[in-house]
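Structure, as structure tokens:
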Amino acid sequence: MSSRTPTKTRETLRDRSAKILAEEAQLREGGGKAGQERQHKLGRLLARERINQLLDPRAPFFEIGLWAAYKMYQQWGHIAAAGAITGIGNVEGVPCMVIANDATVKAGAFFPQTTKKLIRAQRIAFENNLPLIYLVDSAGVFLPMQDEIFPDEDDFGRIFRNNSVLSAAGVPQFAAIMGNCVAGGAYLPVLCDKVLMTKGSGLYLAGPSLVKAAIGQVVDQEELGGAEMHAQISGTVDFYEENDESCLKRLRSLVSLLPESALHQHQAEAPVHKPAKSPQALYDLVSLDGNKPYDAHDLLALIVDAESLDEYKADYGKTLVTAYARIAGRAVGIVASQRVQVRTQTEGIQMGGVIYSDSADKAARFVMDCNQVGLPLIFFQDVTGFMVGKAAEQSGIIRSGAKLVNAVSNSVVPKITIVVGGSFGAGNYALCGKAYDPRFILAWPNARYAVMGAAQASDTVFSILARARERG
């Protein structure tokens, strides 16, 4: 029998609880005031501030692993919460697993316990089918301890393996790069379904110093792996954002597209929104002969709910516009031919209505993303076909086109195809022609369907006849 009285026991437990709460408050301070001030001077939010802005107002955050690495690695300083925050909270009504690097703790570097903490969070998300949101701001592996982080089966590499397994299982994953993301850690966001990146952030396998040491190349951070470069040239980033606040707002918008979102659950009660412009404006937008260029964004403004368009990879593969939107309140994915001439960082001027390698790659990834979250797809066709010529062939246009055709062929979500103008050749296939099982095909009165346009067909036939005459 214990000699303690109930009152004494109660007081002891309360005292211990108070000490635990005080210690937890200290752990939530991360790297301390100096680190917090440093982060704010960079124009970035703290990890916990990011989580607060991401979650629904007044939504509780069930934190997991706050005590990870407690009083470990003291020879390297105070590694609060293993330099990462993990937990479950609601975003647009959807319970999500949130994983955020704390850049105030050793620049968000990975220690052995950091890796274990992230793997545990991924496992919980997998077992409970929770969408994962990664708020990335990390210097990568803490090199003095790499022998305990890098090589084993439940070490750093397991995180990327889990990314792939979660994706194959249909668990949505979103990654927002809001700071550094270097070396092997760069694979984490790119293995996710959607990648966002803020201005001033860096994503690369080797930083400028290592690149100079390894191959003698002098390059600055933005040119090597900046957000603008990845949005316009490599196409790695799906959404380029000016700052943390706009990035987190975009994240919430993307989560709202998930079927389990509160916006979907209460769709019947939600007001039906109207397009930004009257559909009657369509009569002035397109021409009967199909020769008048128009901006696909102007077309979509006549159809989708006002202010609902979230364009995917807006600065890459510009001859196809890919976007998430709502029509009468219902979330959809859109692939639309862009009929105006565009300029890209990789290929310079590109002709409207033509599919290039970069636009085909982008659209293929977008179609797969819509299938991952169950979004219906709407295709707007006004396409002359794929780009031809030496440069196009050397860029892998056939491979890129095949990738898009494969994605559309294996798409299991409902598809609707609208022929706005021309639908020629393999462009018809890639943008969900009749052979690719759209639920419905609709056509404007000026729509045309053929292997190629009349002018190209007559020129081709004339050339064949001319060569035949030359051969006698």
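Residues in the structure tokens are numbered from 1 in each chain, the chains being A, B, ... in the order shown, and ligands are numbered from 1 in the order shown.
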Among the residues of segment 227-260 of chain A, find those DSSP assigns to alpha helix (DSSP H) from the backbone and print them as number ranges by chain. A: 227-229, 244-255
Let's have the selection written as an mmCIF file, in the first residue's frame, with C-alpha atoms.
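That gives us again-v1.cif:
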```
data_model
loop_
_atom_site.group_PDB
_atom_site.id
_atom_site.type_symbol
_atom_site.label_atom_id
_atom_site.label_comp_id
_atom_site.auth_asym_id
_atom_site.auth_seq_id
_atom_site.Cartn_x
_atom_site.Cartn_y
_atom_site.Cartn_z
ATOM 1 C CA ALA A 227 12.319 29.016 -57.803
ATOM 2 C CA GLU A 228 12.093 31.019 -61.021
ATOM 3 C CA MET A 229 14.485 28.672 -62.829
ATOM 4 C CA ASP A 244 5.250 32.120 -47.551
ATOM 5 C CA GLU A 245 1.793 33.626 -47.157
ATOM 6 C CA SER A 246 0.786 33.200 -50.811
ATOM 7 C CA CYS A 247 2.324 29.715 -50.818
ATOM 8 C CA LEU A 248 0.262 28.586 -47.829
ATOM 9 C CA LYS A 249 -2.877 30.099 -49.340
ATOM 10 C CA ARG A 250 -2.243 28.136 -52.536
ATOM 11 C CA LEU A 251 -1.696 24.955 -50.514
ATOM 12 C CA ARG A 252 -5.088 25.373 -48.865
ATOM 13 C CA SER A 253 -6.677 25.903 -52.270
ATOM 14 C CA LEU A 254 -5.119 22.684 -53.595
ATOM 15 C CA VAL A 255 -6.240 20.662 -50.565
#
```
Apply DSSP to the structure's backbone, then extract all residues of segment 39-261 of chain A labelled strand (DSSP E or B) and return them as a ChimeraX atom specification. /A:62-64,84-91,94-101,110,132-138,141,173-182,194-198,202-204,226,239-241
Residues of the last selection are to be written out with N, CA and C atoms, as a CSV table (one decimal), in the first residue's frame.
```csv
chain,number,residue,atom,x,y,z
A,62,PHE,N,-2.7,18.3,-33.5
A,62,PHE,CA,-2.3,17.1,-32.6
A,62,PHE,C,-0.9,16.8,-33.0
A,63,GLU,N,0.0,17.4,-32.2
A,63,GLU,CA,1.5,17.3,-32.4
A,63,GLU,C,2.0,15.9,-32.0
A,64,ILE,N,2.9,15.3,-32.9
A,64,ILE,CA,3.4,14.0,-32.7
A,64,ILE,C,5.0,14.2,-32.6
A,84,ALA,N,12.3,19.3,-36.4
A,84,ALA,CA,11.1,19.1,-37.3
A,84,ALA,C,9.9,19.1,-36.4
A,85,ILE,N,8.8,19.5,-37.0
A,85,ILE,CA,7.5,19.5,-36.4
A,85,ILE,C,6.5,18.6,-37.2
A,86,THR,N,5.9,17.6,-36.5
A,86,THR,CA,5.0,16.7,-37.2
A,86,THR,C,3.7,16.6,-36.4
A,87,GLY,N,2.6,16.5,-37.1
A,87,GLY,CA,1.3,16.4,-36.4
A,87,GLY,C,0.1,16.4,-37.4
A,88,ILE,N,-1.1,16.3,-36.8
A,88,ILE,CA,-2.3,16.2,-37.6
A,88,ILE,C,-3.2,17.4,-37.4
A,89,GLY,N,-3.7,18.0,-38.4
A,89,GLY,CA,-4.6,19.1,-38.3
A,89,GLY,C,-5.5,19.2,-39.5
A,90,ASN,N,-6.6,19.9,-39.4
A,90,ASN,CA,-7.5,20.1,-40.5
A,90,ASN,C,-7.1,21.2,-41.5
A,91,VAL,N,-7.1,20.9,-42.8
A,91,VAL,CA,-6.9,21.9,-43.8
A,91,VAL,C,-8.1,21.8,-44.7
A,94,VAL,N,-10.1,18.8,-44.2
A,94,VAL,CA,-9.5,17.5,-44.4
A,94,VAL,C,-8.4,17.3,-43.3
A,95,PRO,N,-8.5,16.2,-42.6
A,95,PRO,CA,-7.4,15.9,-41.6
A,95,PRO,C,-6.1,15.5,-42.4
A,96,CYS,N,-5.1,16.2,-42.2
A,96,CYS,CA,-3.8,16.1,-42.9
A,96,CYS,C,-2.7,15.9,-41.9
A,97,MET,N,-1.7,15.1,-42.4
A,97,MET,CA,-0.4,15.0,-41.6
A,97,MET,C,0.5,16.1,-42.1
A,98,VAL,N,1.0,16.9,-41.2
A,98,VAL,CA,1.8,18.0,-41.6
A,98,VAL,C,3.2,17.8,-41.1
A,99,ILE,N,4.2,17.9,-41.9
A,99,ILE,CA,5.6,17.7,-41.6
A,99,ILE,C,6.4,19.0,-42.0
A,100,ALA,N,6.9,19.7,-41.0
A,100,ALA,CA,7.6,21.0,-41.2
A,100,ALA,C,9.0,21.0,-40.6
A,101,ASN,N,10.0,21.3,-41.5
A,101,ASN,CA,11.4,21.5,-41.0
A,101,ASN,C,11.4,22.8,-40.2
A,110,PHE,N,18.9,17.4,-40.9
A,110,PHE,CA,18.4,16.1,-40.5
A,110,PHE,C,19.5,15.4,-39.6
A,132,LEU,N,-0.6,14.1,-47.0
A,132,LEU,CA,0.7,14.6,-46.3
A,132,LEU,C,1.0,15.9,-46.9
A,133,ILE,N,1.4,16.9,-46.0
A,133,ILE,CA,1.8,18.2,-46.5
A,133,ILE,C,3.2,18.4,-45.9
A,134,TYR,N,4.2,18.6,-46.7
A,134,TYR,CA,5.6,18.8,-46.3
A,134,TYR,C,5.9,20.3,-46.5
A,135,LEU,N,6.3,21.0,-45.4
A,135,LEU,CA,6.7,22.4,-45.4
A,135,LEU,C,8.3,22.3,-45.3
A,136,VAL,N,8.9,22.4,-46.5
A,136,VAL,CA,10.4,22.1,-46.6
A,136,VAL,C,11.2,23.3,-46.4
A,137,ASP,N,12.2,23.2,-45.5
A,137,ASP,CA,13.1,24.3,-45.2
A,137,ASP,C,14.3,23.7,-44.5
A,138,SER,N,15.2,23.0,-45.2
A,138,SER,CA,16.2,22.2,-44.6
A,138,SER,C,17.5,22.2,-45.4
A,141,VAL,N,21.2,16.6,-44.8
A,141,VAL,CA,21.8,15.7,-43.7
A,141,VAL,C,22.8,16.5,-42.9
A,173,GLN,N,0.1,13.8,-51.7
A,173,GLN,CA,1.2,14.4,-51.0
A,173,GLN,C,1.5,15.8,-51.7
A,174,PHE,N,1.7,16.8,-50.8
A,174,PHE,CA,1.9,18.2,-51.3
A,174,PHE,C,3.3,18.6,-50.6
A,175,ALA,N,4.1,19.3,-51.4
A,175,ALA,CA,5.3,19.8,-50.8
A,175,ALA,C,5.5,21.3,-51.1
A,176,ALA,N,5.8,22.1,-50.1
A,176,ALA,CA,6.0,23.5,-50.3
A,176,ALA,C,7.4,23.8,-49.9
A,177,ILE,N,8.3,24.2,-50.8
A,177,ILE,CA,9.7,24.6,-50.5
A,177,ILE,C,9.7,26.1,-50.2
A,178,MET,N,10.0,26.3,-48.9
A,178,MET,CA,10.0,27.7,-48.4
A,178,MET,C,11.4,28.1,-47.8
A,179,GLY,N,12.4,27.7,-48.5
A,179,GLY,CA,13.8,27.9,-47.9
A,179,GLY,C,14.7,27.0,-48.7
A,180,ASN,N,15.6,26.3,-48.0
A,180,ASN,CA,16.6,25.4,-48.6
A,180,ASN,C,16.0,24.0,-48.8
A,181,CYS,N,16.4,23.4,-49.8
A,181,CYS,CA,16.1,22.0,-50.1
A,181,CYS,C,17.2,21.4,-50.9
A,182,VAL,N,18.2,20.8,-50.3
A,182,VAL,CA,19.5,20.5,-51.0
A,182,VAL,C,19.9,19.0,-50.9
A,194,LYS,N,2.3,17.4,-55.9
A,194,LYS,CA,2.3,18.8,-56.2
A,194,LYS,C,3.5,19.5,-55.5
A,195,VAL,N,4.2,20.4,-56.2
A,195,VAL,CA,5.4,21.0,-55.7
A,195,VAL,C,5.2,22.5,-55.8
A,196,LEU,N,5.3,23.2,-54.7
A,196,LEU,CA,5.2,24.7,-54.6
A,196,LEU,C,6.6,25.2,-54.1
A,197,MET,N,6.9,26.4,-54.6
A,197,MET,CA,8.3,26.9,-54.2
A,197,MET,C,8.2,28.5,-54.1
A,198,THR,N,8.8,29.0,-53.1
A,198,THR,CA,8.7,30.5,-52.9
A,198,THR,C,10.0,31.1,-53.5
A,202,GLY,N,15.8,27.6,-52.6
A,202,GLY,CA,16.8,26.9,-53.4
A,202,GLY,C,16.5,25.4,-53.4
A,203,LEU,N,16.5,24.8,-54.6
A,203,LEU,CA,16.3,23.4,-54.8
A,203,LEU,C,17.4,22.8,-55.7
A,204,TYR,N,18.4,22.1,-55.2
A,204,TYR,CA,19.4,21.5,-56.0
A,204,TYR,C,20.1,20.4,-55.3
A,226,GLY,N,17.1,28.1,-58.3
A,226,GLY,CA,16.1,29.0,-57.8
A,226,GLY,C,14.7,28.7,-58.2
A,239,PHE,N,4.0,25.3,-58.9
A,239,PHE,CA,3.5,26.6,-58.5
A,239,PHE,C,4.6,27.5,-57.9
A,240,TYR,N,4.8,28.6,-58.6
A,240,TYR,CA,5.8,29.6,-58.1
A,240,TYR,C,5.1,30.7,-57.3
A,241,GLU,N,5.6,30.9,-56.0
A,241,GLU,CA,4.9,31.8,-55.1
A,241,GLU,C,5.9,32.9,-54.7
```
Excluding Pro144 of chain A and its own-chain neighbours fewer than 4 positions away, which residues fall within 12 Å of it when counting only C-alpha atoms? Please give them as a ChimeraX atom specification. /A:73,75-76,109-112,140,148-150
Store the residues picked out above in a file with N, CA and C atoms, as a short mmCIF file (atom, residue, chain, number, x, y, z; two decimals), in the first residue's frame.
```cif
data_model
loop_
_atom_site.label_atom_id
_atom_site.label_comp_id
_atom_site.auth_asym_id
_atom_site.auth_seq_id
_atom_site.Cartn_x
_atom_site.Cartn_y
_atom_site.Cartn_z
N TYR A 73 22.38 14.66 -28.66
CA TYR A 73 23.25 15.47 -29.53
C TYR A 73 23.67 16.78 -28.86
N GLN A 75 26.36 17.76 -27.70
CA GLN A 75 27.65 18.29 -28.13
C GLN A 75 27.49 19.23 -29.34
N TRP A 76 26.33 19.14 -30.01
CA TRP A 76 26.06 19.99 -31.17
C TRP A 76 25.08 21.13 -30.84
N ALA A 109 18.54 20.95 -40.48
CA ALA A 109 19.30 19.76 -40.88
C ALA A 109 18.72 18.49 -40.26
N PHE A 110 18.94 17.37 -40.95
CA PHE A 110 18.45 16.07 -40.49
C PHE A 110 19.46 15.41 -39.57
N PHE A 111 19.03 15.11 -38.34
CA PHE A 111 19.77 14.28 -37.40
C PHE A 111 19.16 12.87 -37.45
N PRO A 112 19.79 11.87 -36.84
CA PRO A 112 19.20 10.53 -36.86
C PRO A 112 17.75 10.49 -36.37
N GLY A 140 19.55 19.76 -45.33
CA GLY A 140 19.89 18.39 -45.66
C GLY A 140 20.47 17.63 -44.48
N GLU A 148 25.21 7.80 -39.19
CA GLU A 148 24.03 7.33 -38.48
C GLU A 148 22.72 7.72 -39.18
N ILE A 149 22.83 8.44 -40.27
CA ILE A 149 21.64 8.95 -40.97
C ILE A 149 21.47 8.32 -42.34
N PHE A 150 22.58 8.06 -42.99
CA PHE A 150 22.54 7.73 -44.42
C PHE A 150 22.30 6.26 -44.78
#
```
Considering only C-alpha atoms, give me a table of residues in segment 313-419 of chain A that are at most 12 Å from segment 158-171 of chain A, with the closest atom pair and distance in Å for each, as a Markdown table.
```
| residue | atom | partner | partner_atom | distance |
| --- | --- | --- | --- | --- |
| A:Met368 | CA | A:Ser167 | CA | 11.1 |
| A:Asp369 | CA | A:Ser167 | CA | 10.2 |
| A:Cys370 | CA | A:Gly170 | CA | 11.3 |
| A:Asn371 | CA | A:Gly170 | CA | 9.2 |
| A:Gln372 | CA | A:Gly170 | CA | 5.9 |
| A:Val373 | CA | A:Gly170 | CA | 7.6 |
| A:Gly374 | CA | A:Gly170 | CA | 9.8 |
```
What does the distance between atom CA of Ile397 of chain A and atom CA of Ala426 of chain A come to in Å, to one decimal place?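 One can read the atom CA of Ile397 of chain A to atom CA of Ala426 of chain A distance as 11.6 Å.
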Just how far from atom CA of Asp298 of chain A is atom CA of Gly333 of chain A, in Å to one decimal? 16.8 Å
Long-range neighbours of Arg339 of chain A as a PyMOL selection string, 7 Å cut-off, only C-alpha atoms, 5 positions minimum in chain: chain A and resi 293-296+352-353
Pick from A:Leu431, A:Met387, A:Ile233, A:Met72 nearest to Thr346 of chain A, counting only C-alpha atoms: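 Under the stated criterion, the closest residue is A:Ile233.
In this structure, atom CA of Gln53 of chain A sits 25.1 Å away from atom CA of Asp305 of chain A.
Ranking A:Leu191, A:Val335, A:Val304, A:Val383 by their shortest atom-to-atom distance to Ala450 of chain A, with only C-alpha atoms included, puts A:Val383 first.
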